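Visitor: Below: one structure in structure tokens.
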Amino acid sequence: MSSTKPKVYNFGAGPAAIPLNVLEKAQKDLLNYENTGMSVMEISHRSKTFDNLLNKAKQDLKTLLQVPENYKILFMQGGGLTQFSAIVYNLLAAKRQQVPGEEFNPPLDYFVTGSWSAKAADEAKRLYNNVNIVIDVKKSKGSFESIPPKEEWKLSGSKAAFVYYCDNETINGVEFPFIPEVDPSVPLVCDMSSNILSRKFDVSKFGVIYAGAQKNIGTPGVTVVIVRDDLLTKPKSVNDQDKGVPVVPVMLSYKIIADHNSVYNTPPMFPIYISGLVFEWLLDQGGVEAIEKINNEKSTKIYDLIDKSKIYRSPIEKPYRSRMNAPFRIVPEELEKEFLTGAEELGMVQLKGHRSVGGIRISMYNAITLDAIDLLINYMIEFEKKHN
């Protein structure tokens with residue numbers, strides 16, 4: 001089935017655009033997957049057919065990210081928000097293995113650089129009584145607009161159970177241009193929900209990486225978790241639990257999910273299937289290295305236009321601007337409604353900024369083509385001419 005021009009250009013932040021080739025393949029498989037006579041949504045999750053689908057998706061992701069052998073790839077449910085809790089449970093249990101038989105209350109270190117990392121830290125505080133904020137950009141600067149230099153970080157060193165950060169803040173448009181350096185004995189945990197597979201990085205620097213699928217992987221309903229083997233700990237019950245170490249719920253246990261190849265219960269089969277198709281598509285594009293070049297070109301075009309404009313304003317300091325999500329305001333702000341209406345009339349949708357910050361937001365995930373960016377840029381130029 002040949003690709004056709006999309007009816008609209010979807011710049012939404014999530015659920016987000018999916019490559020057209022992927023949608024067409026899914027459409028073809030919807031009624032009869034692999035000649036089973038059943039939809040991919042109907043086959044048993046215990047069948048060899050689904051087992052092959054799952055294992056191929058894992059292998060393709062491993063190839064794309066060059067995941068080392070001492071890591072497990074999990075497909076979990078509950079989105080990134082559930083991982084806010086899962087990392088606390090699992091990594092406190094892992095830390096306890098390192099320091100048995102003594103008083104246990106290690107700090108959990110959190111970088112707060114945007115709305116999502118703030119929510120992650122709040123959940124950690126709800127579950128545990130020793131959360132250390134390494135940096136809180138909003139408190140120090142008044143808004144989430146940058147990442148402070150290392151001299152301002154307040155890390156706990158080797159005492160910490162883990163260090164958490166969000167690599168790309170979807171709402172605020174702040175992205176780390178580097179991997180934070182932390183004590184090598186402490187697991188680094190990263191939420192990569194909105195920029196995983198958009199650029200190359202060294203998986204071995206992390207203890208846990210997780211990513212909700214609905215931005216740069218596929219459809220809502222599945223979360224990819226990449227966890228280092230030494231952090232997989234058998235969950236205990238309340239009867240044999242150490243004081244200060246919370247019991248890990250079964251469905252949040254990385255160890256249990258890994259031991260059952262992500263099929264402890266019925267997994268989100270269709271989202272896993274779509275994720276696998278996206279992995280195949282990305283491999284066909286030349287992999288992460290190839291898509292990174294395209295992503296850099298897309299974001300450079302957008303920010304160059306904003307910086308030269310007399311009416312568009314980016315609130316983010318240049319070194320920390322996201323390549324995936326570019327929020328901006330229009331001066332005067334009364335023009336923003338007209339801008340959005342005009343864009344929709346031309347088939348460019350979901351450009352409205354998040355309700356907590358307002359303005360305009362351009363999401364430029366892997367599935368967004370250069371043609372779509374060029375169309376949007378031409379519209380932005382004409383809109384400015386009209387109002388300048």
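Naming works like this for the structure tokens: A, B, ... for the chains as they're shown, residue 1 at the start of each chain, ligands 1 onward in shown order.
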Can you pull out every residue within 10 Å of Thr82 in chain A, counting only C-alpha atoms, but drop anything in the same chain fewer than 4 positions away, and send it as number ranges by chain?
Guide: A: 76-78, 86-87, 120, 123, 212, 223, 252
Visitor: Which residues, written as a PyMOL selection string, have at least one atom at most 10 Å from Ile311 in chain A, with only C-alpha atoms counted and residues fewer than 5 positions away on the same chain left out?
Guide: chain A and resi 306+329-333+335+383-385+387-388
Visitor: For the selection you just gave me, I'd like the residues written to a file as a compact mmCIF listing (two decimals), in the first residue's frame, keeping all heavy atoms.
Guide:
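Contents of again_38.txt, freshly written:
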# COMPACT_ATOMS: atom_id res chain seq x y z
N ILE A 306 12.16 31.94 14.83
CA ILE A 306 11.69 32.61 16.05
C ILE A 306 12.68 33.70 16.48
O ILE A 306 12.28 34.81 16.84
CB ILE A 306 11.48 31.57 17.18
CG1 ILE A 306 10.27 30.69 16.85
CG2 ILE A 306 11.30 32.26 18.53
CD1 ILE A 306 10.08 29.53 17.81
N ARG A 329 5.58 32.35 22.47
CA ARG A 329 4.47 33.29 22.57
C ARG A 329 4.50 34.23 21.37
O ARG A 329 5.54 34.40 20.71
CB ARG A 329 4.54 34.11 23.86
CG ARG A 329 4.57 33.33 25.15
CD ARG A 329 3.43 32.34 25.29
NE ARG A 329 2.11 32.91 25.23
CZ ARG A 329 1.27 33.01 26.28
NH1 ARG A 329 1.66 32.58 27.46
NH2 ARG A 329 0.05 33.51 26.12
N ILE A 330 3.35 34.81 21.11
CA ILE A 330 3.23 35.82 20.05
C ILE A 330 2.94 37.16 20.71
O ILE A 330 2.13 37.24 21.64
CB ILE A 330 2.12 35.46 19.05
CG1 ILE A 330 2.42 34.10 18.39
CG2 ILE A 330 1.99 36.53 17.97
CD1 ILE A 330 1.34 33.62 17.44
N VAL A 331 3.62 38.18 20.26
CA VAL A 331 3.43 39.53 20.81
C VAL A 331 2.70 40.38 19.77
O VAL A 331 3.20 40.55 18.65
CB VAL A 331 4.80 40.17 21.16
CG1 VAL A 331 4.59 41.56 21.76
CG2 VAL A 331 5.57 39.27 22.14
N PRO A 332 1.50 40.89 20.14
CA PRO A 332 0.79 40.70 21.41
C PRO A 332 0.12 39.33 21.47
O PRO A 332 -0.18 38.73 20.45
CB PRO A 332 -0.25 41.82 21.39
CG PRO A 332 -0.54 42.02 19.94
CD PRO A 332 0.76 41.80 19.23
N GLU A 333 -0.14 38.85 22.70
CA GLU A 333 -0.69 37.51 22.89
C GLU A 333 -2.09 37.36 22.31
O GLU A 333 -2.53 36.23 22.06
CB GLU A 333 -0.68 37.16 24.38
CG GLU A 333 0.73 36.98 24.94
CD GLU A 333 0.76 36.61 26.41
OE1 GLU A 333 -0.34 36.38 26.97
OE2 GLU A 333 1.85 36.55 26.99
N LEU A 335 -2.94 37.74 19.45
CA LEU A 335 -2.83 37.19 18.10
C LEU A 335 -2.78 35.65 18.10
O LEU A 335 -2.93 35.04 17.04
CB LEU A 335 -1.59 37.73 17.40
CG LEU A 335 -1.58 39.22 17.04
CD1 LEU A 335 -0.23 39.61 16.45
CD2 LEU A 335 -2.71 39.51 16.05
N PHE A 383 2.16 34.98 8.40
CA PHE A 383 1.40 35.53 9.53
C PHE A 383 2.10 36.77 10.10
O PHE A 383 1.46 37.77 10.41
CB PHE A 383 1.23 34.46 10.62
CG PHE A 383 0.34 34.88 11.75
CD1 PHE A 383 -1.03 34.71 11.66
CD2 PHE A 383 0.87 35.46 12.90
CE1 PHE A 383 -1.87 35.10 12.71
CE2 PHE A 383 0.04 35.86 13.93
CZ PHE A 383 -1.33 35.67 13.85
N GLU A 384 3.44 36.69 10.19
CA GLU A 384 4.17 37.86 10.71
C GLU A 384 4.08 39.05 9.75
O GLU A 384 3.93 40.20 10.18
CB GLU A 384 5.63 37.50 10.98
CG GLU A 384 6.43 38.69 11.48
CD GLU A 384 7.77 38.30 12.10
OE1 GLU A 384 8.15 37.12 12.02
OE2 GLU A 384 8.42 39.20 12.66
N LYS A 385 4.18 38.76 8.46
CA LYS A 385 4.05 39.85 7.49
C LYS A 385 2.72 40.57 7.63
O LYS A 385 2.63 41.80 7.53
CB LYS A 385 4.18 39.31 6.08
CG LYS A 385 5.59 38.91 5.67
CD LYS A 385 5.60 38.37 4.24
CE LYS A 385 6.98 37.93 3.80
NZ LYS A 385 6.99 37.34 2.43
N HIS A 387 0.98 40.94 10.31
CA HIS A 387 0.78 41.63 11.60
C HIS A 387 1.98 42.47 12.02
O HIS A 387 2.04 42.93 13.15
CB HIS A 387 0.46 40.62 12.68
CG HIS A 387 -0.85 39.94 12.49
ND1 HIS A 387 -2.04 40.56 12.75
CD2 HIS A 387 -1.16 38.70 12.00
CE1 HIS A 387 -3.04 39.74 12.46
NE2 HIS A 387 -2.54 38.59 12.02
N ASN A 388 2.91 42.68 11.14
CA ASN A 388 4.08 43.47 11.51
C ASN A 388 4.12 44.78 10.70
O ASN A 388 4.06 44.75 9.48
CB ASN A 388 5.36 42.65 11.25
CG ASN A 388 6.60 43.36 11.77
OD1 ASN A 388 6.52 44.16 12.70
ND2 ASN A 388 7.72 43.05 11.17
Visitor: Might you pull out every residue within 10 Å of range 124-126 of chain A, with only C-alpha atoms counted and same-chain residues fewer than 2 positions away left off, and present them as a list in words?
Guide: Phe84, Ser85, Ala86, Ile87, Val88, Tyr89, Leu108, Asp109, Tyr110, Ala118, Lys119, Ala120, Ala121, Asp122, Tyr128, Asn129, Asn130, Val131 and Asn132 of chain A
Visitor: Could you save the residues just selected, with all heavy atoms, as a compact mmCIF listing (two decimals), in the first residue's frame?
Guide:
# COMPACT_ATOMS: atom_id res chain seq x y z
N PHE A 84 6.75 7.00 38.03
CA PHE A 84 7.13 7.88 39.15
C PHE A 84 7.15 7.08 40.45
O PHE A 84 8.01 7.29 41.31
CB PHE A 84 6.14 9.04 39.30
CG PHE A 84 6.15 10.04 38.17
CD1 PHE A 84 5.17 11.03 38.12
CD2 PHE A 84 7.10 10.01 37.17
CE1 PHE A 84 5.16 11.98 37.10
CE2 PHE A 84 7.09 10.93 36.14
CZ PHE A 84 6.12 11.92 36.12
N SER A 85 6.17 6.18 40.59
CA SER A 85 6.10 5.33 41.78
C SER A 85 7.02 4.12 41.67
O SER A 85 7.70 3.76 42.64
CB SER A 85 4.67 4.85 42.00
OG SER A 85 3.75 5.92 42.03
N ALA A 86 7.05 3.51 40.49
CA ALA A 86 7.82 2.28 40.31
C ALA A 86 9.29 2.46 40.62
O ALA A 86 9.93 1.58 41.22
CB ALA A 86 7.62 1.75 38.89
N ILE A 87 9.86 3.60 40.20
CA ILE A 87 11.30 3.78 40.44
C ILE A 87 11.59 3.90 41.93
O ILE A 87 12.63 3.43 42.41
CB ILE A 87 11.86 5.00 39.67
CG1 ILE A 87 11.14 6.30 40.03
CG2 ILE A 87 11.82 4.75 38.17
CD1 ILE A 87 11.75 7.54 39.40
N VAL A 88 10.70 4.52 42.69
CA VAL A 88 10.90 4.63 44.13
C VAL A 88 10.90 3.25 44.77
O VAL A 88 11.81 2.88 45.53
CB VAL A 88 9.82 5.53 44.77
CG1 VAL A 88 9.95 5.53 46.29
CG2 VAL A 88 9.93 6.96 44.24
N TYR A 89 9.87 2.45 44.47
CA TYR A 89 9.77 1.11 45.04
C TYR A 89 10.95 0.23 44.66
O TYR A 89 11.60 -0.38 45.52
CB TYR A 89 8.48 0.45 44.54
CG TYR A 89 7.20 0.99 45.13
CD1 TYR A 89 6.17 1.43 44.32
CD2 TYR A 89 7.00 1.01 46.51
CE1 TYR A 89 4.98 1.91 44.85
CE2 TYR A 89 5.82 1.49 47.05
CZ TYR A 89 4.81 1.94 46.22
OH TYR A 89 3.64 2.40 46.76
N LEU A 108 16.69 10.31 47.99
CA LEU A 108 16.37 10.17 46.58
C LEU A 108 16.60 11.54 45.94
O LEU A 108 15.96 12.52 46.33
CB LEU A 108 14.92 9.74 46.37
CG LEU A 108 14.40 8.57 47.21
CD1 LEU A 108 12.94 8.27 46.85
CD2 LEU A 108 15.27 7.34 47.04
N ASP A 109 17.49 11.62 44.97
CA ASP A 109 17.87 12.90 44.37
C ASP A 109 17.04 13.19 43.12
O ASP A 109 16.96 12.35 42.22
CB ASP A 109 19.36 12.89 43.99
CG ASP A 109 20.26 13.11 45.20
OD1 ASP A 109 19.73 13.20 46.32
OD2 ASP A 109 21.49 13.18 45.01
N TYR A 110 16.47 14.39 43.05
CA TYR A 110 15.63 14.78 41.91
C TYR A 110 16.06 16.13 41.33
O TYR A 110 16.16 17.12 42.06
CB TYR A 110 14.16 14.89 42.35
CG TYR A 110 13.45 13.56 42.39
CD1 TYR A 110 13.68 12.67 43.44
CD2 TYR A 110 12.57 13.18 41.39
CE1 TYR A 110 13.05 11.43 43.48
CE2 TYR A 110 11.92 11.94 41.42
CZ TYR A 110 12.17 11.08 42.47
OH TYR A 110 11.55 9.87 42.50
N ALA A 118 8.78 17.92 38.22
CA ALA A 118 8.16 18.41 39.45
C ALA A 118 7.11 17.41 39.95
O ALA A 118 7.03 17.12 41.15
CB ALA A 118 7.53 19.78 39.22
N LYS A 119 6.33 16.86 39.01
CA LYS A 119 5.32 15.85 39.39
C LYS A 119 6.00 14.58 39.91
O LYS A 119 5.52 13.95 40.86
CB LYS A 119 4.44 15.52 38.19
CG LYS A 119 3.44 16.61 37.80
CD LYS A 119 2.63 16.18 36.58
CE LYS A 119 1.66 17.27 36.15
NZ LYS A 119 0.56 17.43 37.13
N ALA A 120 7.10 14.20 39.28
CA ALA A 120 7.83 13.01 39.72
C ALA A 120 8.34 13.19 41.15
O ALA A 120 8.24 12.28 41.98
CB ALA A 120 8.98 12.71 38.77
N ALA A 121 8.90 14.35 41.44
CA ALA A 121 9.41 14.63 42.78
C ALA A 121 8.28 14.67 43.80
O ALA A 121 8.43 14.18 44.93
CB ALA A 121 10.17 15.96 42.78
N ASP A 122 7.15 15.23 43.42
CA ASP A 122 6.00 15.27 44.33
C ASP A 122 5.52 13.86 44.68
O ASP A 122 5.16 13.59 45.83
CB ASP A 122 4.84 16.06 43.70
CG ASP A 122 5.09 17.57 43.70
OD1 ASP A 122 5.99 18.02 44.43
OD2 ASP A 122 4.38 18.28 42.96
N TYR A 128 7.75 8.62 50.23
CA TYR A 128 9.00 8.43 50.97
C TYR A 128 9.39 9.74 51.66
O TYR A 128 9.07 10.84 51.17
CB TYR A 128 10.09 7.98 49.99
CG TYR A 128 11.40 7.56 50.60
CD1 TYR A 128 11.48 6.43 51.40
CD2 TYR A 128 12.56 8.27 50.34
CE1 TYR A 128 12.69 6.03 51.95
CE2 TYR A 128 13.78 7.88 50.87
CZ TYR A 128 13.84 6.76 51.68
OH TYR A 128 15.04 6.36 52.21
N ASN A 129 10.09 9.63 52.76
CA ASN A 129 10.32 10.80 53.62
C ASN A 129 11.70 11.43 53.49
O ASN A 129 12.08 12.27 54.31
CB ASN A 129 10.08 10.43 55.09
CG ASN A 129 11.08 9.39 55.60
OD1 ASN A 129 11.96 8.94 54.85
ND2 ASN A 129 10.93 8.99 56.85
N ASN A 130 12.47 11.04 52.46
CA ASN A 130 13.80 11.63 52.33
C ASN A 130 14.11 11.91 50.85
O ASN A 130 14.87 11.19 50.21
CB ASN A 130 14.86 10.70 52.93
CG ASN A 130 16.23 11.37 53.04
OD1 ASN A 130 16.37 12.57 52.77
ND2 ASN A 130 17.23 10.61 53.43
N VAL A 131 13.48 12.95 50.33
CA VAL A 131 13.67 13.35 48.93
C VAL A 131 14.50 14.63 48.89
O VAL A 131 14.16 15.63 49.53
CB VAL A 131 12.32 13.57 48.23
CG1 VAL A 131 12.53 14.11 46.81
CG2 VAL A 131 11.53 12.27 48.20
N ASN A 132 15.60 14.57 48.16
CA ASN A 132 16.50 15.73 48.04
C ASN A 132 16.34 16.36 46.66
O ASN A 132 16.49 15.68 45.64
CB ASN A 132 17.96 15.27 48.22
CG ASN A 132 18.95 16.38 47.88
OD1 ASN A 132 18.86 17.48 48.40
ND2 ASN A 132 19.87 16.09 46.97
Visitor: Please identify all polymer residues within 12 Å of Tyr33 in chain A, counting only C-alpha atoms, omitting same-chain residues fewer than 2 positions from it, and present them as a PyMOL selection string.
Guide: chain A and resi 25-31+35-43+49-50+53+270+273
Visitor: What are the DSSP alpha helix (DSSP H) residues of range 71-255 of chain A, as a PyMOL selection string?
Guide: chain A and resi 79-98+115-127+137-141+254-255
Visitor: Once you have the residues from the selection above, write them out as a short mmCIF file (atom, residue, chain, number, x, y, z; two decimals), in the first residue's frame, restricted to N, CA and C atoms.
Guide:
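The resulting file, result35.cif, is shown below:
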data_model
loop_
_atom_site.label_atom_id
_atom_site.label_comp_id
_atom_site.auth_asym_id
_atom_site.auth_seq_id
_atom_site.Cartn_x
_atom_site.Cartn_y
_atom_site.Cartn_z
N GLY A 79 1.76 4.22 31.92
CA GLY A 79 2.38 5.46 31.50
C GLY A 79 3.53 5.91 32.40
N GLY A 80 4.08 7.08 32.06
CA GLY A 80 5.19 7.62 32.83
C GLY A 80 4.82 7.92 34.27
N LEU A 81 3.58 8.31 34.51
CA LEU A 81 3.15 8.62 35.87
C LEU A 81 3.28 7.41 36.79
N THR A 82 2.99 6.23 36.29
CA THR A 82 3.15 5.02 37.11
C THR A 82 4.62 4.77 37.41
N GLN A 83 5.49 5.11 36.47
CA GLN A 83 6.93 4.95 36.72
C GLN A 83 7.44 5.89 37.81
N PHE A 84 6.75 7.00 38.03
CA PHE A 84 7.13 7.88 39.15
C PHE A 84 7.15 7.08 40.45
N SER A 85 6.17 6.18 40.59
CA SER A 85 6.10 5.33 41.78
C SER A 85 7.02 4.12 41.67
N ALA A 86 7.05 3.51 40.49
CA ALA A 86 7.82 2.28 40.31
C ALA A 86 9.29 2.46 40.62
N ILE A 87 9.86 3.60 40.20
CA ILE A 87 11.30 3.78 40.44
C ILE A 87 11.59 3.90 41.93
N VAL A 88 10.70 4.52 42.69
CA VAL A 88 10.90 4.63 44.13
C VAL A 88 10.90 3.25 44.77
N TYR A 89 9.87 2.45 44.47
CA TYR A 89 9.77 1.11 45.04
C TYR A 89 10.95 0.23 44.66
N ASN A 90 11.24 0.14 43.37
CA ASN A 90 12.26 -0.79 42.90
C ASN A 90 13.67 -0.39 43.31
N LEU A 91 13.98 0.88 43.25
CA LEU A 91 15.38 1.28 43.50
C LEU A 91 15.69 1.43 44.98
N LEU A 92 14.67 1.66 45.80
CA LEU A 92 14.92 1.56 47.25
C LEU A 92 15.22 0.10 47.61
N ALA A 93 14.48 -0.82 47.02
CA ALA A 93 14.74 -2.25 47.27
C ALA A 93 16.14 -2.64 46.79
N ALA A 94 16.54 -2.11 45.64
CA ALA A 94 17.88 -2.40 45.11
C ALA A 94 18.96 -1.82 46.00
N LYS A 95 18.74 -0.61 46.49
CA LYS A 95 19.72 0.02 47.39
C LYS A 95 19.86 -0.78 48.67
N ARG A 96 18.74 -1.32 49.15
CA ARG A 96 18.78 -2.11 50.39
C ARG A 96 19.68 -3.33 50.24
N GLN A 97 19.74 -3.91 49.07
CA GLN A 97 20.63 -5.05 48.84
C GLN A 97 22.09 -4.68 49.03
N GLN A 98 22.41 -3.40 48.75
CA GLN A 98 23.80 -2.93 48.86
C GLN A 98 24.18 -2.65 50.31
N SER A 115 7.67 20.77 34.42
CA SER A 115 6.43 20.30 35.02
C SER A 115 6.44 18.81 35.33
N TRP A 116 7.03 17.99 34.44
CA TRP A 116 6.99 16.56 34.65
C TRP A 116 7.95 16.11 35.75
N SER A 117 9.13 16.67 35.79
CA SER A 117 10.04 16.31 36.88
C SER A 117 9.51 16.81 38.22
N ALA A 118 8.78 17.92 38.22
CA ALA A 118 8.16 18.41 39.45
C ALA A 118 7.11 17.41 39.95
N LYS A 119 6.33 16.86 39.01
CA LYS A 119 5.32 15.85 39.39
C LYS A 119 6.00 14.58 39.91
N ALA A 120 7.10 14.20 39.28
CA ALA A 120 7.83 13.01 39.72
C ALA A 120 8.34 13.19 41.15
N ALA A 121 8.90 14.35 41.44
CA ALA A 121 9.41 14.63 42.78
C ALA A 121 8.28 14.67 43.80
N ASP A 122 7.15 15.23 43.42
CA ASP A 122 6.00 15.27 44.33
C ASP A 122 5.52 13.86 44.68
N GLU A 123 5.50 12.97 43.69
CA GLU A 123 5.09 11.59 43.97
C GLU A 123 6.09 10.91 44.88
N ALA A 124 7.38 11.15 44.68
CA ALA A 124 8.40 10.56 45.55
C ALA A 124 8.21 11.04 46.99
N LYS A 125 7.92 12.32 47.16
CA LYS A 125 7.69 12.86 48.51
C LYS A 125 6.45 12.24 49.16
N ARG A 126 5.47 11.89 48.35
CA ARG A 126 4.26 11.27 48.88
C ARG A 126 4.52 9.86 49.38
N LEU A 127 5.49 9.17 48.73
CA LEU A 127 5.78 7.78 49.06
C LEU A 127 6.90 7.60 50.08
N VAL A 137 14.52 24.70 39.21
CA VAL A 137 14.75 25.87 38.37
C VAL A 137 13.67 26.93 38.58
N LYS A 138 12.45 26.50 38.77
CA LYS A 138 11.37 27.48 38.94
C LYS A 138 11.54 28.28 40.21
N LYS A 139 11.98 27.61 41.29
CA LYS A 139 12.20 28.31 42.55
C LYS A 139 13.36 29.29 42.46
N SER A 140 14.40 28.89 41.73
CA SER A 140 15.60 29.74 41.66
C SER A 140 15.49 30.85 40.62
N LYS A 141 14.73 30.59 39.54
CA LYS A 141 14.68 31.57 38.43
C LYS A 141 13.28 32.13 38.17
N TYR A 254 9.98 -4.53 38.57
CA TYR A 254 10.78 -4.75 37.36
C TYR A 254 11.23 -6.21 37.27
N LYS A 255 11.55 -6.80 38.42
CA LYS A 255 12.02 -8.19 38.44
C LYS A 255 10.93 -9.13 37.93
#
Visitor: Counting only C-alpha atoms, what are the residues of range 313-349 of chain A within 7 Å of range 355-368 of chain A, and for each of them which pair of atoms is the nearest and at what distance in Å, to one decimal? Sort the table by chain and rising number, as JSON lines.
Guide:
{"residue": "A:Met324", "atom": "CA", "partner": "A:Met364", "partner_atom": "CA", "distance": 4.8}
{"residue": "A:Asn325", "atom": "CA", "partner": "A:Ser363", "partner_atom": "CA", "distance": 4.4}
{"residue": "A:Ala326", "atom": "CA", "partner": "A:Ile362", "partner_atom": "CA", "distance": 5.0}
{"residue": "A:Pro327", "atom": "CA", "partner": "A:Arg361", "partner_atom": "CA", "distance": 4.1}
{"residue": "A:Phe328", "atom": "CA", "partner": "A:Ile360", "partner_atom": "CA", "distance": 5.4}
{"residue": "A:Arg329", "atom": "CA", "partner": "A:Gly359", "partner_atom": "CA", "distance": 4.9}
{"residue": "A:Glu336", "atom": "CA", "partner": "A:Gly359", "partner_atom": "CA", "distance": 6.7}
Visitor: Store the residues picked out above in a file with C-alpha atoms, as a PDB file, in the first residue's frame.
Guide:
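Here's the written file selection31.pdb:
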ATOM      1  CA  MET A 324      11.184  17.966  20.247  1.00  0.00           C
ATOM      2  CA  ASN A 325       8.881  20.639  21.709  1.00  0.00           C
ATOM      3  CA  ALA A 326       9.235  24.348  20.911  1.00  0.00           C
ATOM      4  CA  PRO A 327       6.885  26.541  22.958  1.00  0.00           C
ATOM      5  CA  PHE A 328       6.664  30.227  22.090  1.00  0.00           C
ATOM      6  CA  ARG A 329       4.468  33.285  22.572  1.00  0.00           C
ATOM      7  CA  GLU A 336      -2.355  33.598  19.288  1.00  0.00           C
TER       8      GLU A 336
END
Visitor: Which is closest to Ala16 in chain A among A:Lys234, A:Lys215, A:Lys48, A:His260, if we use only C-alpha atoms?
Guide: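 Selected residue with least distance to Ala16 in chain A: A:Lys215.
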Visitor: Just want the 10 Å neighbourhood of Asp371 in chain A, counted on only C-alpha atoms, with same-chain residues fewer than 4 positions away dropped. Output as a compact mmCIF listing (two decimals) with all heavy atoms, in the first residue's frame.
Guide:
# COMPACT_ATOMS: atom_id res chain seq x y z
N TYR A 9 -1.50 17.91 9.26
CA TYR A 9 -0.17 17.81 9.84
C TYR A 9 -0.34 17.94 11.35
O TYR A 9 -0.75 18.99 11.85
CB TYR A 9 0.76 18.89 9.30
CG TYR A 9 1.04 18.74 7.81
CD1 TYR A 9 0.21 19.35 6.86
CD2 TYR A 9 2.10 17.97 7.36
CE1 TYR A 9 0.46 19.21 5.51
CE2 TYR A 9 2.36 17.82 6.00
CZ TYR A 9 1.52 18.43 5.08
OH TYR A 9 1.77 18.28 3.74
N LYS A 298 15.18 20.17 11.62
CA LYS A 298 13.83 20.68 11.87
C LYS A 298 13.83 21.74 12.96
O LYS A 298 13.27 22.84 12.79
CB LYS A 298 12.90 19.54 12.27
CG LYS A 298 12.58 18.56 11.14
CD LYS A 298 11.54 17.52 11.55
CE LYS A 298 12.01 16.63 12.67
NZ LYS A 298 11.08 15.50 12.93
N LEU A 375 6.13 23.77 5.73
CA LEU A 375 4.79 24.33 5.58
C LEU A 375 4.45 25.24 6.74
O LEU A 375 3.92 26.35 6.56
CB LEU A 375 3.76 23.19 5.49
CG LEU A 375 2.30 23.62 5.31
CD1 LEU A 375 2.09 24.26 3.94
CD2 LEU A 375 1.37 22.41 5.47
N LEU A 376 4.77 24.81 7.94
CA LEU A 376 4.51 25.63 9.13
C LEU A 376 5.34 26.90 9.11
O LEU A 376 4.84 28.00 9.44
CB LEU A 376 4.80 24.81 10.39
CG LEU A 376 4.64 25.54 11.72
CD1 LEU A 376 3.24 26.11 11.89
CD2 LEU A 376 4.98 24.59 12.88
N ILE A 377 6.59 26.80 8.72
CA ILE A 377 7.46 27.98 8.66
C ILE A 377 6.93 29.00 7.66
O ILE A 377 6.89 30.21 7.94
CB ILE A 377 8.91 27.55 8.31
CG1 ILE A 377 9.57 26.91 9.54
CG2 ILE A 377 9.73 28.74 7.81
CD1 ILE A 377 10.94 26.33 9.26
Visitor: Which residues, written as a PDB file with N, CA, C and O atoms, in the first residue's frame, have at least one atom at most 9 Å from Val250 in chain A, with only C-alpha atoms counted and residues fewer than 6 positions away on the same chain left out?
Guide:
ATOM      1  N   PRO A 235      10.646  -8.913  44.850  1.00  0.00           N
ATOM      2  CA  PRO A 235       9.829  -8.174  45.823  1.00  0.00           C
ATOM      3  C   PRO A 235       9.506  -9.014  47.047  1.00  0.00           C
ATOM      4  O   PRO A 235       9.259 -10.220  46.939  1.00  0.00           O
ATOM      5  N   ILE A 256       9.714  -8.976  38.411  1.00  0.00           N
ATOM      6  CA  ILE A 256       8.629  -9.867  37.996  1.00  0.00           C
ATOM      7  C   ILE A 256       8.294  -9.674  36.519  1.00  0.00           C
ATOM      8  O   ILE A 256       8.129 -10.647  35.772  1.00  0.00           O
ATOM      9  N   ILE A 257       8.214  -8.437  36.077  1.00  0.00           N
ATOM     10  CA  ILE A 257       7.905  -8.173  34.671  1.00  0.00           C
ATOM     11  C   ILE A 257       9.012  -8.724  33.777  1.00  0.00           C
ATOM     12  O   ILE A 257       8.746  -9.323  32.727  1.00  0.00           O
TER      13      ILE A 257
END
Visitor: Tell me which protein, DNA and RNA residues are within 10 Å of Lys56 in chain A, counting only C-alpha atoms, leaving out same-chain ones fewer than 5 positions away, and put them as number ranges by chain.
Guide: A: 50-51, 61-62, 273, 276-277, 279-280
Visitor: Under the rule that only C-alpha atoms are counted, which of A:Leu65, A:Gly101, A:Tyr71, A:Pro149 is the nearest residue to Phe201 in chain A?
Guide: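 That would be A:Leu65, the residue with the smallest distance to Phe201 in chain A.
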Visitor: Find the distance between CA of Pro19 in chain A and CA of Ile302 in chain A and write it in Å to one decimal.
Guide: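 Separating CA of Pro19 in chain A from CA of Ile302 in chain A is a distance of 20.8 Å.
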Visitor: Give me, as a PyMOL selection string, the residues of range 62-202 of chain A that a backbone DSSP run labels strand (DSSP E or B).
Guide: chain A and resi 71-76+108-112+131-136+162-166+168-169+174-175+188-191
